[in-house]
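Student: data.txt (compact mmCIF, C-alpha atoms) pasted underneath:
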```
# COMPACT_ATOMS: atom_id res chain seq x y z
CA MET A 1 0.00 0.00 0.00
CA HIS A 2 1.31 3.42 -0.93
CA LEU A 3 1.61 5.92 1.88
CA HIS A 4 1.54 9.18 -0.04
CA SER A 5 -0.96 11.86 -0.79
CA PRO A 6 -3.03 11.38 -3.95
CA ARG A 7 -1.56 12.69 -7.19
CA ARG A 8 -3.37 15.00 -9.55
CA ALA A 9 -5.42 13.32 -12.22
CA ASN A 10 -4.34 13.73 -15.83
CA PHE A 11 -5.35 12.15 -19.12
CA MET A 12 -2.76 9.35 -19.02
CA ARG A 13 -3.66 8.38 -15.47
CA ALA A 14 -7.30 8.29 -16.54
CA CYS A 15 -6.37 5.90 -19.35
CA TYR A 16 -4.44 3.69 -16.92
CA VAL A 17 -7.42 3.67 -14.54
CA LYS A 18 -9.70 2.62 -17.41
CA TRP A 19 -7.26 -0.21 -18.26
CA LEU A 20 -7.10 -1.46 -14.68
CA VAL A 21 -10.87 -1.41 -14.13
CA GLU A 22 -12.19 -2.40 -17.57
CA VAL A 23 -9.48 -4.77 -18.84
CA GLU A 24 -7.78 -6.13 -15.73
CA ARG A 25 -11.10 -6.15 -13.78
CA THR A 26 -9.44 -4.45 -10.79
CA THR A 27 -11.72 -2.78 -8.25
CA GLN A 28 -11.91 1.00 -8.34
CA THR A 29 -10.33 1.12 -4.88
CA GLU A 30 -7.36 -1.00 -5.96
CA ALA A 31 -6.98 1.02 -9.17
CA ALA A 32 -6.94 4.23 -7.10
CA ILE A 33 -4.18 2.81 -4.90
CA GLN A 34 -2.10 1.61 -7.86
CA VAL A 35 -2.38 4.86 -9.81
CA GLY A 36 -2.23 7.13 -6.76
CA LEU A 37 -5.57 8.86 -7.20
CA ASN A 38 -8.49 9.47 -4.89
CA VAL A 39 -11.22 6.80 -5.12
CA GLY A 40 -13.83 9.46 -5.93
CA THR A 41 -11.71 10.68 -8.85
CA VAL A 42 -11.42 7.12 -10.16
CA ASN A 43 -15.20 6.78 -9.94
CA HIS A 44 -15.66 9.98 -11.95
CA ILE A 45 -13.23 8.72 -14.60
CA ILE A 46 -14.98 5.34 -14.91
CA HIS A 47 -18.43 6.94 -15.21
CA GLY A 48 -17.28 9.54 -17.74
CA ARG A 49 -17.69 12.63 -15.59
CA ARG A 50 -13.98 13.40 -15.98
CA TYR A 51 -11.72 12.64 -18.96
CA ARG A 52 -14.64 11.37 -21.01
CA SER A 53 -12.42 10.73 -24.05
CA ALA A 54 -9.97 8.52 -22.10
CA ARG A 55 -9.58 4.99 -23.45
CA PRO A 56 -7.95 2.01 -21.71
CA ILE A 57 -4.18 2.07 -22.18
CA CYS A 58 -1.86 -0.43 -20.58
CA PRO A 59 0.32 1.20 -17.89
CA PRO A 60 4.10 1.17 -18.57
CA LYS A 61 4.75 -1.66 -16.09
CA CYS A 62 2.60 -4.14 -18.07
CA ARG A 63 4.41 -3.39 -21.35
CA GLN A 64 7.65 -4.99 -20.20
```
Can you present the structure in this file as structure tokens?

Tutor:
Amino acid sequence: MHLHSPRRANFMRACYVKWLVEVERTTQTEAAIQVGLNVGTVNHIIHGRRYRSARPICPPKCRQ
């Protein structure tokens, strides 16, 4: 578990969140922890209230 304050959301983080939740079937809470965002922000991304044009993109660590 990361012990740091949440990072600011940006388009790439939104894409990573979409990947984790929609492709990897990770919970929104776990995706928030992995990406370093607030759970509420992750919920807004998944439901299209923020970064509506974001599409699932594999985070850098899964491209290795």

Student: In Å, rounded to a single decimal, give me how far atom CA of A:Arg25 is from atom CA of A:Ala9.

Tutor: 20.3 Å

Student: Which is closer to A:Ala54 than all the others in A:Val39, A:Val21, A:Met12, A:Thr29, using all atoms listed in the file?

Tutor: A:Met12

Student: Tell me, as a list in words, which residues lie within 12 Å of A:Glu24, counting only C-alpha atoms; anything in the same chain fewer than 5 positions away does not count.

Tutor: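 Once the nearby chain positions are removed, what remains is Tyr16, Val17, Lys18, Trp19, Glu30, Ala31, Pro56, Ile57, Cys58, Pro59 and Cys62 of chain A.
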
Student: Between A:Arg52, A:Ile46, A:Gly36, A:Thr41, which has the minimum distance to A:Glu22 (counting all atoms listed in the file)?

Tutor: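 Looking only at the distances to A:Glu22, the closest residue turns out to be A:Ile46.
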
Student: Hey, which of A:Gly40, A:Val35, A:Lys61, A:Arg55 ends up closest to A:Val23? Count all atoms listed in the file.

Tutor: A:Arg55

Student: Counting all atoms listed in the file, which of A:Gln28, A:Arg8, A:Leu20, A:Cys15 gets nearest to A:Asn43?

Tutor: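 Ranking A:Gln28, A:Arg8, A:Leu20, A:Cys15 by distance to A:Asn43, first place goes to A:Gln28.
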
Student: What's the separation between atom CA of A:Thr26 and atom CA of A:Ser53, in Å to one decimal place?

Tutor: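 Interatomic distance here is 20.4 Å.
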
Student: Work out how far apart atom CA of A:Ala14 and atom CA of A:Arg50 are and give it in Å to one decimal.

Tutor: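 If I compute the distance from atom CA of A:Ala14 to atom CA of A:Arg50, I get 8.4 Å.
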
Student: Give me stretch 33-44 of chain A with all heavy atoms filled in, as a PDB file, in the coordinates of the input.

Tutor:
```pdb
ATOM      1  N   ILE A  33      -5.435   3.024  -5.638  1.00  0.00           N
ATOM      2  CA  ILE A  33      -4.180   2.810  -4.900  1.00  0.00           C
ATOM      3  C   ILE A  33      -3.018   2.667  -5.872  1.00  0.00           C
ATOM      4  O   ILE A  33      -1.973   3.299  -5.696  1.00  0.00           O
ATOM      5  CB  ILE A  33      -4.307   1.568  -3.994  1.00  0.00           C
ATOM      6  CG1 ILE A  33      -5.292   1.835  -2.869  1.00  0.00           C
ATOM      7  CG2 ILE A  33      -2.937   1.165  -3.440  1.00  0.00           C
ATOM      8  CD1 ILE A  33      -5.714   0.602  -2.094  1.00  0.00           C
ATOM      9  N   GLN A  34      -3.193   1.856  -6.922  1.00  0.00           N
ATOM     10  CA  GLN A  34      -2.100   1.610  -7.860  1.00  0.00           C
ATOM     11  C   GLN A  34      -1.689   2.859  -8.628  1.00  0.00           C
ATOM     12  O   GLN A  34      -0.513   3.079  -8.889  1.00  0.00           O
ATOM     13  CB  GLN A  34      -2.487   0.510  -8.840  1.00  0.00           C
ATOM     14  CG  GLN A  34      -2.527  -0.860  -8.221  1.00  0.00           C
ATOM     15  CD  GLN A  34      -2.785  -1.938  -9.241  1.00  0.00           C
ATOM     16  OE1 GLN A  34      -2.354  -1.842 -10.378  1.00  0.00           O
ATOM     17  NE2 GLN A  34      -3.486  -2.976  -8.825  1.00  0.00           N
ATOM     18  N   VAL A  35      -2.662   3.675  -9.007  1.00  0.00           N
ATOM     19  CA  VAL A  35      -2.380   4.860  -9.810  1.00  0.00           C
ATOM     20  C   VAL A  35      -2.072   6.072  -8.928  1.00  0.00           C
ATOM     21  O   VAL A  35      -1.451   7.030  -9.374  1.00  0.00           O
ATOM     22  CB  VAL A  35      -3.543   5.141 -10.780  1.00  0.00           C
ATOM     23  CG1 VAL A  35      -3.305   6.383 -11.618  1.00  0.00           C
ATOM     24  CG2 VAL A  35      -3.763   3.949 -11.689  1.00  0.00           C
ATOM     25  N   GLY A  36      -2.490   6.030  -7.679  1.00  0.00           N
ATOM     26  CA  GLY A  36      -2.230   7.130  -6.760  1.00  0.00           C
ATOM     27  C   GLY A  36      -3.255   8.240  -6.826  1.00  0.00           C
ATOM     28  O   GLY A  36      -2.924   9.401  -6.623  1.00  0.00           O
ATOM     29  N   LEU A  37      -4.496   7.876  -7.130  1.00  0.00           N
ATOM     30  CA  LEU A  37      -5.570   8.860  -7.200  1.00  0.00           C
ATOM     31  C   LEU A  37      -6.587   8.604  -6.102  1.00  0.00           C
ATOM     32  O   LEU A  37      -6.662   7.509  -5.547  1.00  0.00           O
ATOM     33  CB  LEU A  37      -6.283   8.782  -8.560  1.00  0.00           C
ATOM     34  CG  LEU A  37      -5.471   9.146  -9.792  1.00  0.00           C
ATOM     35  CD1 LEU A  37      -6.294   8.907 -11.049  1.00  0.00           C
ATOM     36  CD2 LEU A  37      -4.991  10.581  -9.725  1.00  0.00           C
ATOM     37  N   ASN A  38      -7.399   9.590  -5.835  1.00  0.00           N
ATOM     38  CA  ASN A  38      -8.490   9.470  -4.890  1.00  0.00           C
ATOM     39  C   ASN A  38      -9.556   8.546  -5.486  1.00  0.00           C
ATOM     40  O   ASN A  38      -9.798   8.565  -6.689  1.00  0.00           O
ATOM     41  CB  ASN A  38      -9.066  10.890  -4.670  1.00  0.00           C
ATOM     42  CG  ASN A  38     -10.224  10.908  -3.732  1.00  0.00           C
ATOM     43  OD1 ASN A  38     -11.321  10.523  -4.114  1.00  0.00           O
ATOM     44  ND2 ASN A  38      -9.980  11.371  -2.528  1.00  0.00           N
ATOM     45  N   VAL A  39     -10.201   7.739  -4.650  1.00  0.00           N
ATOM     46  CA  VAL A  39     -11.220   6.800  -5.120  1.00  0.00           C
ATOM     47  C   VAL A  39     -12.377   7.528  -5.808  1.00  0.00           C
ATOM     48  O   VAL A  39     -12.911   7.056  -6.815  1.00  0.00           O
ATOM     49  CB  VAL A  39     -11.749   5.920  -3.956  1.00  0.00           C
ATOM     50  CG1 VAL A  39     -12.844   4.992  -4.429  1.00  0.00           C
ATOM     51  CG2 VAL A  39     -10.617   5.119  -3.348  1.00  0.00           C
ATOM     52  N   GLY A  40     -12.756   8.677  -5.307  1.00  0.00           N
ATOM     53  CA  GLY A  40     -13.830   9.460  -5.930  1.00  0.00           C
ATOM     54  C   GLY A  40     -13.445   9.905  -7.336  1.00  0.00           C
ATOM     55  O   GLY A  40     -14.273   9.894  -8.252  1.00  0.00           O
ATOM     56  N   THR A  41     -12.188  10.279  -7.522  1.00  0.00           N
ATOM     57  CA  THR A  41     -11.710  10.680  -8.850  1.00  0.00           C
ATOM     58  C   THR A  41     -11.761   9.498  -9.804  1.00  0.00           C
ATOM     59  O   THR A  41     -12.182   9.640 -10.953  1.00  0.00           O
ATOM     60  CB  THR A  41     -10.274  11.224  -8.751  1.00  0.00           C
ATOM     61  OG1 THR A  41     -10.267  12.341  -7.860  1.00  0.00           O
ATOM     62  CG2 THR A  41      -9.747  11.644 -10.106  1.00  0.00           C
ATOM     63  N   VAL A  42     -11.363   8.331  -9.331  1.00  0.00           N
ATOM     64  CA  VAL A  42     -11.420   7.120 -10.160  1.00  0.00           C
ATOM     65  C   VAL A  42     -12.868   6.848 -10.561  1.00  0.00           C
ATOM     66  O   VAL A  42     -13.150   6.547 -11.717  1.00  0.00           O
ATOM     67  CB  VAL A  42     -10.802   5.911  -9.420  1.00  0.00           C
ATOM     68  CG1 VAL A  42     -11.111   4.607 -10.135  1.00  0.00           C
ATOM     69  CG2 VAL A  42      -9.301   6.099  -9.278  1.00  0.00           C
ATOM     70  N   ASN A  43     -13.789   6.984  -9.636  1.00  0.00           N
ATOM     71  CA  ASN A  43     -15.200   6.780  -9.940  1.00  0.00           C
ATOM     72  C   ASN A  43     -15.676   7.745 -11.018  1.00  0.00           C
ATOM     73  O   ASN A  43     -16.386   7.353 -11.943  1.00  0.00           O
ATOM     74  CB  ASN A  43     -16.035   6.925  -8.669  1.00  0.00           C
ATOM     75  CG  ASN A  43     -17.492   6.645  -8.909  1.00  0.00           C
ATOM     76  OD1 ASN A  43     -18.240   7.547  -9.282  1.00  0.00           O
ATOM     77  ND2 ASN A  43     -17.901   5.410  -8.700  1.00  0.00           N
ATOM     78  N   HIS A  44     -15.273   8.988 -10.937  1.00  0.00           N
ATOM     79  CA  HIS A  44     -15.660   9.980 -11.950  1.00  0.00           C
ATOM     80  C   HIS A  44     -15.077   9.638 -13.311  1.00  0.00           C
ATOM     81  O   HIS A  44     -15.747   9.829 -14.331  1.00  0.00           O
ATOM     82  CB  HIS A  44     -15.210  11.382 -11.512  1.00  0.00           C
ATOM     83  CG  HIS A  44     -16.059  11.972 -10.441  1.00  0.00           C
ATOM     84  ND1 HIS A  44     -16.520  13.258 -10.489  1.00  0.00           N
ATOM     85  CD2 HIS A  44     -16.545  11.446  -9.288  1.00  0.00           C
ATOM     86  CE1 HIS A  44     -17.250  13.505  -9.403  1.00  0.00           C
ATOM     87  NE2 HIS A  44     -17.265  12.410  -8.665  1.00  0.00           N
TER      88      HIS A  44
END
```
